[in-house]
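Trainee: My structure file input_2.txt, compact mmCIF, C-alpha atoms, is below:
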```
# COMPACT_ATOMS: atom_id res chain seq x y z
CA MET N 1 100.07 320.39 -13.63
CA LYS N 2 97.57 317.58 -13.92
CA ALA N 3 96.82 318.52 -17.51
CA TYR N 4 100.52 318.60 -18.26
CA ARG N 5 100.97 315.08 -16.90
CA LEU N 6 98.02 313.83 -18.89
CA LEU N 7 99.48 315.35 -22.01
CA LEU N 8 102.83 313.71 -21.31
CA ARG N 9 101.19 310.33 -20.81
CA GLY N 10 99.20 310.80 -23.98
CA LEU N 11 102.34 311.59 -25.93
CA LEU N 12 104.12 308.59 -24.48
CA CYS N 13 101.24 306.29 -25.45
CA PHE N 14 101.22 307.80 -28.90
CA PHE N 15 104.91 307.13 -29.45
CA LEU N 16 104.73 303.63 -28.01
CA SER N 17 101.79 302.60 -30.13
CA CYS N 18 103.41 304.12 -33.19
CA ASN N 19 106.57 302.12 -32.63
CA VAL N 20 106.94 299.90 -35.67
CA TYR N 21 109.20 297.50 -33.86
CA ALA N 22 106.61 295.35 -32.19
CA LEU N 23 108.53 292.35 -33.53
CA THR N 24 110.92 290.08 -31.67
CA PRO N 25 114.53 291.32 -31.96
CA SER N 26 115.47 288.65 -34.53
CA ASP N 27 112.41 289.40 -36.66
CA GLU N 28 113.13 293.08 -36.36
CA ALA N 29 116.66 292.49 -37.67
CA ARG N 30 115.23 290.40 -40.49
CA TYR N 31 112.77 293.15 -41.40
CA THR N 32 115.39 295.90 -41.39
CA SER N 33 117.80 293.89 -43.53
CA LEU N 34 115.02 292.87 -45.95
CA ILE N 35 113.86 296.42 -46.61
CA LYS N 36 117.45 297.35 -47.41
CA GLU N 37 117.58 294.68 -50.11
CA ILE N 38 114.37 295.65 -51.89
CA ARG N 39 114.48 298.21 -54.66
CA CYS N 40 112.01 301.04 -54.73
CA VAL N 41 110.59 300.61 -58.24
CA VAL N 42 109.47 304.23 -58.39
CA CYS N 43 112.79 305.84 -57.43
CA GLN N 44 114.93 303.16 -58.89
CA ASN N 45 118.33 303.42 -57.27
CA GLN N 46 117.05 303.63 -53.73
CA ASN N 47 116.02 300.81 -51.46
CA ILE N 48 112.63 300.93 -49.83
CA ALA N 49 114.19 301.58 -46.43
CA ASP N 50 115.51 304.94 -47.67
CA SER N 51 112.61 305.90 -49.89
CA ASN N 52 109.67 308.09 -48.99
CA ALA N 53 107.63 307.13 -52.05
CA PRO N 54 104.10 306.00 -51.10
CA LEU N 55 104.65 302.67 -52.85
CA ALA N 56 107.85 302.08 -50.85
CA ASN N 57 105.85 302.72 -47.70
CA ASP N 58 103.20 300.19 -48.79
CA LEU N 59 105.85 297.62 -49.59
CA ARG N 60 107.51 298.13 -46.20
CA GLN N 61 104.12 297.59 -44.59
CA LYS N 62 103.58 294.44 -46.65
CA ILE N 63 107.00 293.05 -45.73
CA TYR N 64 106.41 293.93 -42.10
CA THR N 65 103.19 291.92 -41.96
CA MET N 66 104.82 289.04 -43.84
CA VAL N 67 107.67 288.98 -41.30
CA GLU N 68 105.08 289.10 -38.55
CA GLN N 69 103.40 286.06 -40.11
CA GLN N 70 106.74 284.23 -39.82
CA GLN N 71 107.28 283.95 -43.56
CA SER N 72 110.89 283.22 -44.49
CA ASP N 73 113.13 285.68 -46.33
CA ASN N 74 112.91 283.50 -49.40
CA GLU N 75 109.12 283.38 -49.33
CA ILE N 76 108.98 287.16 -49.08
CA LYS N 77 111.45 287.63 -51.93
CA ASN N 78 109.59 285.12 -54.07
CA TYR N 79 106.34 286.95 -53.41
CA LEU N 80 107.88 290.24 -54.56
CA THR N 81 109.69 288.88 -57.61
CA ALA N 82 106.53 287.09 -58.78
CA ARG N 83 104.89 290.50 -58.99
CA TYR N 84 107.64 293.02 -59.75
CA GLY N 85 110.29 290.80 -61.33
CA GLU N 86 113.88 290.05 -60.33
CA PHE N 87 114.56 293.75 -60.81
CA ILE N 88 113.10 294.50 -57.38
CA LEU N 89 115.99 292.70 -55.64
CA LEU N 90 118.98 295.01 -55.29
CA ASN N 91 121.22 291.99 -54.90
CA PRO N 92 120.48 289.84 -57.95
CA ARG N 93 120.11 286.13 -57.25
CA PHE N 94 122.07 283.53 -59.16
CA SER N 95 119.90 282.29 -62.02
CA LYS N 96 119.96 281.60 -65.75
CA LEU N 97 119.41 285.30 -66.28
CA THR N 98 122.29 286.46 -64.09
CA VAL N 99 124.83 283.74 -64.80
CA ILE N 100 126.98 286.04 -66.96
CA LEU N 101 126.81 288.78 -64.35
CA TRP N 102 128.08 286.49 -61.60
CA LEU N 103 130.61 284.42 -63.54
CA PHE N 104 132.13 287.06 -65.78
CA PRO N 105 134.58 288.46 -63.16
CA PHE N 106 135.98 284.97 -62.46
CA LEU N 107 136.16 284.25 -66.17
CA ALA N 108 137.95 287.53 -66.87
CA ILE N 109 140.42 286.98 -64.04
CA SER N 110 141.26 283.46 -65.22
CA ILE N 111 141.71 284.62 -68.83
CA ILE N 112 144.05 287.41 -67.71
CA PHE N 113 145.92 284.95 -65.52
CA LEU N 114 146.31 282.49 -68.40
CA ILE N 115 147.55 285.13 -70.84
CA GLY N 116 149.84 286.58 -68.18
CA THR N 117 151.48 283.29 -67.27
CA LYS N 118 151.88 282.36 -70.93
CA ARG N 119 153.68 285.61 -71.62
CA LEU N 120 155.80 285.24 -68.53
CA PHE N 121 156.90 281.77 -69.57
CA ARG N 122 157.64 282.94 -73.06
CA ALA N 123 159.70 285.84 -71.75
CA HIS N 124 161.52 283.50 -69.40
CA ARG N 125 162.37 281.03 -72.16
CA ASN N 126 163.77 283.72 -74.44
CA GLN N 127 165.95 285.17 -71.75
CA THR N 128 169.69 284.53 -71.71
CA PRO N 129 170.83 283.65 -68.18
CA LEU N 130 171.80 286.68 -66.15
CA PRO N 131 175.35 286.97 -64.82
CA THR N 132 174.21 286.84 -61.20
CA HIS N 133 172.44 283.66 -61.95
CA HIS N 134 175.52 282.25 -63.50
CA TYR N 135 177.60 283.25 -60.54
CA PHE N 136 175.26 281.59 -58.09
CA VAL N 137 175.34 278.35 -60.01
CA SER N 138 179.08 278.36 -60.43
CA ARG N 139 179.66 278.67 -56.72
CA GLU N 140 178.05 275.33 -56.04
CA MET T 1 148.63 290.07 -86.29
CA LYS T 2 150.40 292.54 -83.98
CA LYS T 3 148.56 295.43 -85.64
CA LEU T 4 145.26 293.66 -85.15
CA GLN T 5 146.06 293.19 -81.49
CA LEU T 6 146.65 296.89 -81.11
CA LEU T 7 143.12 297.54 -82.36
CA VAL T 8 141.51 295.42 -79.63
CA PRO T 9 141.44 298.13 -76.91
CA TYR T 10 139.86 300.58 -79.36
CA GLY T 11 137.23 298.00 -80.26
CA VAL T 12 136.41 297.48 -76.59
CA LEU T 13 136.21 301.24 -76.06
CA ILE T 14 133.82 301.73 -78.98
CA LEU T 15 131.65 298.85 -77.76
CA LEU T 16 131.50 300.36 -74.28
CA ILE T 17 130.64 303.81 -75.61
CA THR T 18 127.79 302.48 -77.76
CA MET T 19 126.42 300.47 -74.85
CA LEU T 20 126.55 303.45 -72.50
CA TRP T 21 125.09 305.71 -75.19
CA TYR T 22 122.16 303.33 -75.57
CA GLU T 23 121.59 303.15 -71.83
CA LEU T 24 121.76 306.93 -71.54
CA PHE T 25 119.44 307.94 -74.38
CA TYR T 26 117.39 304.99 -75.57
CA ALA T 27 116.84 302.59 -72.68
CA LYS T 28 113.58 302.91 -70.77
CA PRO T 29 114.44 301.98 -67.20
CA HIS T 30 110.89 302.77 -66.07
CA ASP T 31 109.34 300.10 -68.29
CA ILE T 32 109.69 297.16 -65.98
CA PRO T 33 108.44 293.98 -67.67
CA SER T 34 105.69 292.31 -65.66
CA PRO T 35 106.47 288.76 -64.55
CA LEU T 36 102.71 288.19 -64.35
CA ILE T 37 102.39 287.87 -68.12
CA GLY T 38 101.13 284.40 -68.97
CA GLU T 39 100.07 283.84 -65.37
CA GLN T 40 96.64 283.73 -63.79
CA VAL T 41 95.52 287.06 -62.32
CA PRO T 42 96.43 286.94 -58.60
CA GLY T 43 93.43 286.30 -56.39
CA PHE T 44 91.74 289.34 -54.88
CA SER T 45 88.34 290.49 -53.75
CA LEU T 46 87.48 294.15 -53.69
CA PRO T 47 84.28 295.91 -52.68
CA THR T 48 82.88 297.88 -55.60
CA LEU T 49 81.32 301.32 -55.59
CA SER T 50 77.89 299.74 -56.07
CA ASN T 51 78.25 297.52 -52.97
CA ASP T 52 79.15 294.47 -55.02
CA THR T 53 82.52 292.68 -55.20
CA LEU T 54 85.13 292.58 -57.92
CA THR T 55 87.12 289.32 -58.14
CA PRO T 56 89.22 287.73 -60.92
CA LEU T 57 86.16 285.57 -61.69
CA ASP T 58 84.51 288.67 -63.16
CA LEU T 59 87.32 288.91 -65.68
CA GLN T 60 86.76 285.45 -67.15
CA HIS T 61 84.82 284.26 -70.23
CA HIS T 62 85.64 287.38 -72.21
CA VAL T 63 88.78 289.29 -73.06
CA SER T 64 88.85 292.25 -70.73
CA LEU T 65 90.95 295.18 -69.63
CA LEU T 66 91.83 295.75 -66.02
CA ASN T 67 92.66 299.40 -65.50
CA VAL T 68 94.28 300.73 -62.33
CA PHE T 69 93.37 304.39 -61.90
CA ALA T 70 92.78 307.16 -59.40
CA SER T 71 90.96 310.46 -59.46
CA TRP T 72 94.08 312.25 -58.21
CA CYS T 73 96.21 310.92 -61.07
CA SER T 74 96.59 313.40 -63.89
CA ALA T 75 97.66 310.82 -66.47
CA CYS T 76 94.36 309.04 -65.78
CA ASN T 77 92.49 312.14 -66.95
CA LEU T 78 94.42 311.93 -70.20
CA GLU T 79 93.34 308.38 -70.95
CA ALA T 80 89.72 308.81 -69.82
CA ASP T 81 88.52 309.72 -73.33
CA MET T 82 90.31 306.76 -74.83
CA LEU T 83 88.70 304.37 -72.34
CA MET T 84 85.24 305.77 -73.16
CA LYS T 85 85.99 305.27 -76.83
CA ILE T 86 87.06 301.68 -76.22
CA LYS T 87 83.84 301.04 -74.35
CA ASN T 88 81.53 302.69 -76.89
CA ASN T 89 83.19 301.84 -80.21
CA TYR T 90 84.96 298.58 -79.53
CA HIS T 91 82.74 297.13 -76.78
CA VAL T 92 85.60 295.66 -74.82
CA ALA T 93 84.85 295.02 -71.14
CA ILE T 94 86.84 297.32 -68.88
CA TYR T 95 87.14 296.77 -65.15
CA GLY T 96 88.61 299.37 -62.84
CA VAL T 97 90.77 299.14 -59.77
CA ASN T 98 90.44 302.45 -58.00
CA TYR T 99 93.80 302.99 -56.32
CA LYS T 100 93.96 304.81 -52.96
CA ASP T 101 91.07 307.11 -53.56
CA LYS T 102 88.16 308.61 -51.70
CA ARG T 103 84.68 307.53 -52.63
CA GLU T 104 83.31 311.01 -53.20
CA ASP T 105 86.36 311.94 -55.28
CA VAL T 106 85.95 308.98 -57.65
CA GLU T 107 82.25 309.61 -57.97
CA SER T 108 82.73 313.20 -59.04
CA TRP T 109 85.61 312.16 -61.30
CA LEU T 110 83.36 309.60 -63.03
CA LYS T 111 80.68 312.26 -63.50
CA LYS T 112 83.20 314.58 -65.08
CA TYR T 113 84.98 312.14 -67.39
CA GLY T 114 82.35 309.42 -67.87
CA ASN T 115 82.36 305.87 -66.57
CA PRO T 116 83.91 303.32 -68.94
CA TYR T 117 83.98 300.56 -66.31
CA ARG T 118 81.68 297.60 -65.85
CA LYS T 119 82.77 297.32 -62.24
CA ILE T 120 85.11 299.36 -60.09
CA GLY T 121 86.92 297.74 -57.19
CA ASP T 122 87.86 300.05 -54.36
CA ASP T 123 91.52 299.43 -53.49
CA ARG T 124 91.65 301.82 -50.58
CA ASN T 125 95.02 300.78 -49.14
CA GLY T 126 96.70 299.74 -52.39
CA SER T 127 97.17 296.09 -51.44
CA VAL T 128 95.63 294.71 -54.64
CA ALA T 129 97.86 297.02 -56.65
CA ILE T 130 100.87 295.40 -54.96
CA ASP T 131 99.44 291.97 -55.77
CA LEU T 132 99.27 293.03 -59.41
CA GLY T 133 102.82 294.41 -59.34
CA VAL T 134 101.58 297.91 -60.10
CA TYR T 135 104.08 300.71 -59.51
CA GLY T 136 102.16 303.70 -60.76
CA THR T 137 98.84 304.82 -62.14
CA PRO T 138 97.48 304.29 -64.72
CA GLU T 139 98.35 300.74 -65.65
CA THR T 140 96.23 298.55 -67.86
CA PHE T 141 96.26 294.76 -68.04
CA VAL T 142 94.81 292.75 -70.91
CA ILE T 143 93.18 289.63 -69.48
CA SER T 144 92.34 286.55 -71.57
CA LYS T 145 89.11 284.52 -71.41
CA GLU T 146 90.81 282.10 -69.02
CA GLY T 147 91.69 284.95 -66.70
CA LYS T 148 95.38 285.06 -67.58
CA VAL T 149 97.41 288.24 -67.90
CA VAL T 150 98.31 288.70 -71.56
CA TYR T 151 99.83 292.16 -71.58
CA ARG T 152 100.51 295.12 -69.36
CA HIS T 153 100.52 298.72 -70.49
CA VAL T 154 102.23 301.26 -68.23
CA GLY T 155 101.04 304.85 -68.46
CA ALA T 156 98.10 306.49 -70.17
CA LEU T 157 96.45 304.57 -72.99
CA ASP T 158 96.48 306.47 -76.24
CA GLU T 159 95.25 305.97 -79.78
CA LYS T 160 98.60 304.66 -80.91
CA SER T 161 99.12 302.00 -78.24
CA TRP T 162 95.48 300.88 -78.61
CA ASP T 163 95.58 300.59 -82.41
CA GLU T 164 99.02 299.08 -82.65
CA ILE T 165 99.33 296.82 -79.65
CA ILE T 166 96.30 296.36 -77.45
CA TYR T 167 93.43 296.07 -79.93
CA PRO T 168 95.27 293.48 -82.09
CA LEU T 169 95.92 291.49 -78.90
CA VAL T 170 92.28 291.72 -77.84
CA LYS T 171 91.16 290.50 -81.28
CA LYS T 172 93.68 287.69 -81.24
CA TYR T 173 92.64 286.40 -77.82
CA GLU T 174 88.94 286.88 -78.58
CA SER T 175 89.24 284.51 -81.54
CA LEU T 176 91.08 281.80 -79.58
```
Take the structure in this file and express it as C-alpha cells.

Mentor:
Amino acid sequence: MKAYRLLLRGLLCFFLSCNVYALTPSDEARYTSLIKEIRCVVCQNQNIADSNAPLANDLRQKIYTMVEQQQSDNEIKNYLTARYGEFILLNPRFSKLTVILWLFPFLAISIIFLIGTKRLFRAHRNQTPLPTHHYFVSRE
Amino acid sequence: MKKLQLLVPYGVLILLITMLWYELFYAKPHDIPSPLIGEQVPGFSLPTLSNDTLTPLDLQHHVSLLNVFASWCSACNLEADMLMKIKNNYHVAIYGVNYKDKREDVESWLKKYGNPYRKIGDDRNGSVAIDLGVYGTPETFVISKEGKVVYRHVGALDEKSWDEIIYPLVKKYESL
C-alpha cells in the first residue's frame, strides 16, 4: 500500500513537472495562439501546434521561452521571419510583397460593382416605361 | 468587340490552368529562400569536438562554407565525398554544424567518411540551426570574408551544384 502511494505521488510529480503551462494564463493564451499562426516548414500546410516534426517541436520550445521572457508577439514573429522568411507566418502580414494578395479582393469587387452599375443604368435608360409605371404616375 | 468579349472567360481559364499546372509540376515548395542572404551570420557560440569553440568570427577573413550535417542523416552521407573533394582539390574552408547528434556517432561517422571540416560545432539541441533558419539537413551556407551569408544550398551538395553555382560564387567573393 505504501509503495502504491509512493508510485502515485511519483506519477503526480511527473505530470506536474511535465506540464508545459507554467506560464501565466494570459501568456499561455498568447503562446497557444502564436503556435497556431506559425507554419511548420517541414510539413508545409500544418501549423507547429499540430505538427509532430522535430523542428516544429524545437520551434514551439523556442517560442515558449521567448513568451516566458516577455517578448511581444511582434518580436517573436520578427525573429522567425528574419530566419525563415515571411513564409513561416500562416497569416501573411501586409507588406510590399503581399499588397496584391490583400487588395485584390477589394479591387475585384469594386470593378464588378462598377461594371454592374454601368450595365444597370444602360439597361434602365433603354427601357420603355412599363404600363404599371405609367398607371402609377397617371393616378397622381 | 462582342466576340472579343466572349473570349475573355476562356483566356482567364487558360491562364488559371497554366498557373495551376506550373504549381503542380514545376514549383519547388520545399526550396524556401533564406532571408539571411546578404546579412551577417547570426551570432552563436558552439563547443567543438576538440574542446574549442566555433563562432562566426572563425568564418571571417576567408570565403568559407558552413555545412549543417548529422551522422543520422542519409543525404549527408551522399555529400560527404563531395565535401572531401572540395577540401582537397579546391582548398575552401569548410566549417561544420553538427545537428542533434551524439558525440560517439559523429566521431565514427567522420572516421568512415573522412573529415572535411576545419572545426565542428556541436549543436546538440538544434538552437543554432534555428538561428540559421535551417529546416533540414544537410544545408550549406556560403559565407563571405566579412562574415555575410552569400548563398544557401538546401540538400546534398553534388558535382553539378558545386561547379555551376557554388564554386563560381566562392571565386567571385574570394576576388573581392

Trainee: Would you mind listing, as a list of chain:residue names, all residues of chain T that have at least one atom within 8 Å of chain N, where all atoms listed in the file are what counts?

Mentor: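 Those within range of chain N come out as T:His30, T:Ile32, T:Pro33, T:Ser34, T:Pro35, T:Leu36, T:Gly126, T:Ser127, T:Ile130, T:Asp131, T:Leu132, T:Gly133, T:Val134, T:Tyr135, T:Gly136.
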
Trainee: So, with only C-alpha atoms as the atoms that count, which of N:Val99, N:Ile109, N:Leu34, N:Leu90 lies closest to Asp73 (chain N)?

Mentor: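 Checking each of N:Val99, N:Ile109, N:Leu34, N:Leu90 against Asp73 (chain N), counting only C-alpha atoms, the winner is N:Leu34.
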
Trainee: Measure the distance from CA of Val154 (chain T) to CA of Phe141 (chain T) in Å and round it to one decimal.

Mentor: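 Answer for the CA of Val154 (chain T) to CA of Phe141 (chain T) separation: 8.8 Å.
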
Trainee: Counting all atoms listed in the file, what is within 8 Å of region 87-92 of chain T, bar same-chain residues fewer than 2 positions away, as a PyMOL selection string?

Mentor: chain T and resi 63-65+83-85+94+116

Trainee: Excluding Glu174 (chain T) and its own-chain neighbours fewer than 3 positions away, which residues fall within 9 Å of it when counting only C-alpha atoms? Please give them as a PyMOL selection string.

Mentor: chain T and resi 62-63+144-145+169-171

Trainee: As an exercise, work out the distance from CA of Gln40 (chain T) to CA of Leu110 (chain T) in Å and give it to one decimal place.

Mentor: 29.1 Å

Trainee: Can you pull out every residue within 8 Å of Thr55 (chain T), counting only C-alpha atoms, but drop anything in the same chain fewer than 6 positions away, and send it as a ChimeraX atom specification?

Mentor: /T:43-46

Trainee: What gap, in Å, lies between CA of Val41 (chain T) and CA of Asp123 (chain T)?

Mentor: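 Going from CA of Val41 (chain T) over to CA of Asp123 (chain T), I get 15.7 Å.
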
Trainee: For Ala80 (chain T), find every residue with an atom within 12 Å (counting all atoms listed in the file), except residues of its own chain fewer than 5 positions away, and show them as a ChimeraX atom specification.

Mentor: /T:67-71,73-75,85-87,94,96,109-117,138,156-159

Trainee: Tell me, as a ChimeraX atom specification, which residues lie within 12 Å of Leu49 (chain T), counting only C-alpha atoms; anything in the same chain fewer than 3 positions away does not count.

Mentor: /T:46,52-54,96-98,101-107,110,115,117-124

Trainee: Export N, CA, C and O atoms of region 34-48 of chain N from the structure just given, as a short mmCIF file (atom, residue, chain, number, x, y, z; two decimals), in the first residue's frame?

Mentor:
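out_3.cif written:
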```cif
data_model
loop_
_atom_site.label_atom_id
_atom_site.label_comp_id
_atom_site.auth_asym_id
_atom_site.auth_seq_id
_atom_site.Cartn_x
_atom_site.Cartn_y
_atom_site.Cartn_z
N LEU N 34 0.00 31.83 -30.75
CA LEU N 34 1.19 32.02 -31.60
C LEU N 34 1.55 30.74 -32.35
O LEU N 34 1.81 30.78 -33.55
N ILE N 35 1.55 29.61 -31.63
CA ILE N 35 1.97 28.38 -32.30
C ILE N 35 0.97 27.92 -33.35
O ILE N 35 1.29 27.13 -34.21
N LYS N 36 -0.25 28.49 -33.28
CA LYS N 36 -1.22 28.17 -34.33
C LYS N 36 -0.99 29.01 -35.59
O LYS N 36 -1.49 28.68 -36.66
N GLU N 37 -0.25 30.11 -35.43
CA GLU N 37 -0.03 31.01 -36.56
C GLU N 37 1.29 30.76 -37.27
O GLU N 37 1.59 31.41 -38.26
N ILE N 38 2.10 29.84 -36.72
CA ILE N 38 3.41 29.60 -37.31
C ILE N 38 3.39 28.32 -38.13
O ILE N 38 2.98 27.27 -37.65
N ARG N 39 3.87 28.45 -39.38
CA ARG N 39 3.88 27.31 -40.27
C ARG N 39 5.01 26.36 -39.91
O ARG N 39 6.10 26.77 -39.56
N CYS N 40 4.72 25.07 -40.03
CA CYS N 40 5.78 24.08 -39.90
C CYS N 40 6.45 24.00 -41.27
O CYS N 40 5.81 23.60 -42.24
N VAL N 41 7.71 24.43 -41.36
CA VAL N 41 8.36 24.50 -42.68
C VAL N 41 8.67 23.13 -43.26
O VAL N 41 8.89 23.00 -44.45
N VAL N 42 8.64 22.10 -42.42
CA VAL N 42 8.91 20.76 -42.92
C VAL N 42 7.65 20.17 -43.55
O VAL N 42 7.67 19.66 -44.67
N CYS N 43 6.53 20.27 -42.81
CA CYS N 43 5.27 19.72 -43.30
C CYS N 43 4.37 20.91 -43.59
O CYS N 43 3.61 21.33 -42.75
N GLN N 44 4.49 21.44 -44.78
CA GLN N 44 4.18 22.84 -45.02
C GLN N 44 2.76 23.34 -44.77
O GLN N 44 2.58 24.52 -44.54
N ASN N 45 1.74 22.49 -44.86
CA ASN N 45 0.43 23.08 -44.63
C ASN N 45 -0.13 22.81 -43.25
O ASN N 45 -1.32 22.89 -43.02
N GLN N 46 0.78 22.58 -42.32
CA GLN N 46 0.38 22.39 -40.93
C GLN N 46 0.98 23.52 -40.11
O GLN N 46 2.03 24.05 -40.46
N ASN N 47 0.31 23.88 -39.02
CA ASN N 47 0.97 24.81 -38.11
C ASN N 47 1.80 24.01 -37.11
O ASN N 47 1.67 22.78 -37.03
N ILE N 48 2.66 24.71 -36.37
CA ILE N 48 3.55 23.95 -35.50
C ILE N 48 2.82 23.41 -34.27
O ILE N 48 3.34 22.53 -33.59
#
```
